[in-house]
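**Student:** Take this structure, written in structure tokens, and hold onto it; I'll ask about it next.
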Amino acid sequence: MPVSPAKKPSRIQIRNRRKIMEAALDEFSQNGFRGATLDRIAEAAGMSKPNLIYYFDSKEAIHVALLNALMTEWLDPLREMNPEGEPMEEILGYVRRKMEMSRQYPRESRLFATEIIQGAPRMLPHLQSDLKPLFDEKCALIAGWMESGKLARQDPQQLIMSIWALTQHFADFDTQVRVLVPDEEPGWAAANAHVETVFRKILAPEG
């Protein structure tokens with residue numbers, strides 16, 4: 001017996017799912033998984049809790065959907081590092097992309113950080129199957145550039161993790177950054193220039 005094709009969601013269904021995901025992103029990034037509630041997500045999305053459950057049957061289902069979407073976006077800047085490019089510019093290009101993500105997506109960064117701090121109970125399979133192979137691939141690429149004398153020698157793993165630590169600080173500590181540097185546009189220009197200078201100096205080969 002032929003299987004009927006899956007029915008495409010309507011525009012209203014797509015819109016409602018987006019509203020739920022947007023509301024949930026605020027809720028989870030502010031309160032973490034344990035502190036978040038379906039009631040507050042439904043209220044922020046402008047719908048009843050039973051209506052929300054029509055789209056997602058649990059808080060965990062929404063959280064997993066957010067994390068799955070986030071993991072794809074989070075890895076794209078690292079994937080873009082081109083083996084055929086000029087090594088210094090490829091690394092600095094990655095730094096710039098990470099800084100821009102911190103500026104544009106602070107909630108997503110905090111959601112990711114909170115999940116990791118809690119032991120990655122819902123994201124661990126993605127870390128193992130998606131992030132680890134990509135991380136190893138780019139570490140090998142960077143190690144090759146260092147071996148050829150195009151970059152200063154150092155531990156590629158620690159280099160990438162240092163890039164994460166420095167760039168994601170501006171998202172994960174967004175509230176603190178805004179208090180300390182309230183003038184946003186000049187503050188971001190200075191942050192980008194400073195971070196790029198840091199990595200340019202430590203990556204420049206001697207001579």
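Identifiers in this document derive from the order of the structure tokens: chains are assigned A, B, ..., residues are numbered from 1 separately in each chain, and ligands are numbered from 1 in order of occurrence.
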Write out as a PyMOL selection string each polymer residue whose atoms come within 6 Å of range 18-28 of chain A, counting only C-alpha atoms; drop sequence neighbours fewer than 6 positions from it.
**Tutor:** chain A and resi 36+41+44-45
**Student:** Can you tell me, as a compact mmCIF listing (two decimals) with C-alpha atoms, in the first residue's frame, what residues are no more than 9 Å from Gln157 in chain A when counting only C-alpha atoms, ignoring any on the same chain fewer than 5 positions away?
**Tutor:**
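Generated output (around_10.txt):
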```txt
# COMPACT_ATOMS: atom_id res chain seq x y z
CA PHE A 135 37.42 20.21 15.66
CA ASP A 136 39.98 17.48 14.92
CA LYS A 138 40.62 22.02 11.78
CA CYS A 139 43.27 21.31 14.41
CA SER A 162 41.10 30.27 23.33
```
**Student:** Would you return as a PyMOL selection string the members of range 13-190 of chain A that DSSP assigns to alpha helix (DSSP H) on this structure's backbone?
**Tutor:** chain A and resi 13-35+38-45+49-55+59-79+87-104+106-117+124-126+132-147+156-172+174-180+184-190
**Student:** Between A:Lys59, A:His194, A:Lys8, A:Arg153, which one has atoms that come closest to Arg96 in chain A, using only C-alpha atoms?
**Tutor:**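 Using only C-alpha atoms, the shortest distance to Arg96 in chain A belongs to A:His194.
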**Student:** Taking only C-alpha atoms into account, name the residue in A:Asp57, A:Glu84, A:Asp39, A:Asp172 that is nearest to Met101 in chain A.
**Tutor:**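 The closest residue to Met101 in chain A is A:Asp172.
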